[in-house]
Amino acid sequence: MVNRCMLCGRKIEPEEPKKSNPYNNEEDRPKKKSSMGVCTFCQAKLKHEADEAQKIPKPM
Ligand SMILES: [Zn+2]
């Protein structure tokens with residue numbers, strides 16, 4: 001099963017390697033939005049754009 005970014009079509013690489021780490025509890029970190037088909041690059045871009053949109057005051 002290959003995840004593809006729905007924005008750029010890039011293949012989404014799994015961020016964390018599936019290695020059993022005794023110190024890495026899945027409950028430790030908050031889960032991402034389920035099945036958000038966006039690569040990390042576009043996620044950062046979207047977040048950045050959202051931040052910018054909040055920063056910029058509405059032109060009157
Ligand atoms: Zn993308």
# chains A, B, ... in the order shown; residues from 1 in each chain; ligands from 1
call {"tool": "closest_atom_pairs", "arguments": {"of": "chain A", "to": "ligand 1", "cutoff": "12 Å", "atoms": "only C-alpha atoms and all ligand atoms", "output": "CSV"}}
result
residue,atom,partner,partner_atom_place_in_ligand_line,distance
A:Asn3,CA,ligand 1,1 (Zn),10.6
A:Arg4,CA,ligand 1,1 (Zn),7.8
A:Cys5,CA,ligand 1,1 (Zn),4.6
A:Met6,CA,ligand 1,1 (Zn),6.6
A:Leu7,CA,ligand 1,1 (Zn),4.9
A:Cys8,CA,ligand 1,1 (Zn),4.2
A:Gly9,CA,ligand 1,1 (Zn),6.1
A:Arg10,CA,ligand 1,1 (Zn),5.5
A:Lys11,CA,ligand 1,1 (Zn),8.0
A:Ile12,CA,ligand 1,1 (Zn),7.7
A:Glu13,CA,ligand 1,1 (Zn),10.7
A:Met36,CA,ligand 1,1 (Zn),10.8
A:Gly37,CA,ligand 1,1 (Zn),8.4
A:Val38,CA,ligand 1,1 (Zn),5.3
A:Cys39,CA,ligand 1,1 (Zn),4.3
A:Thr40,CA,ligand 1,1 (Zn),6.8
A:Phe41,CA,ligand 1,1 (Zn),5.6
A:Cys42,CA,ligand 1,1 (Zn),4.2
A:Gln43,CA,ligand 1,1 (Zn),7.2
A:Ala44,CA,ligand 1,1 (Zn),9.3
A:Lys45,CA,ligand 1,1 (Zn),8.7
A:Leu46,CA,ligand 1,1 (Zn),9.7
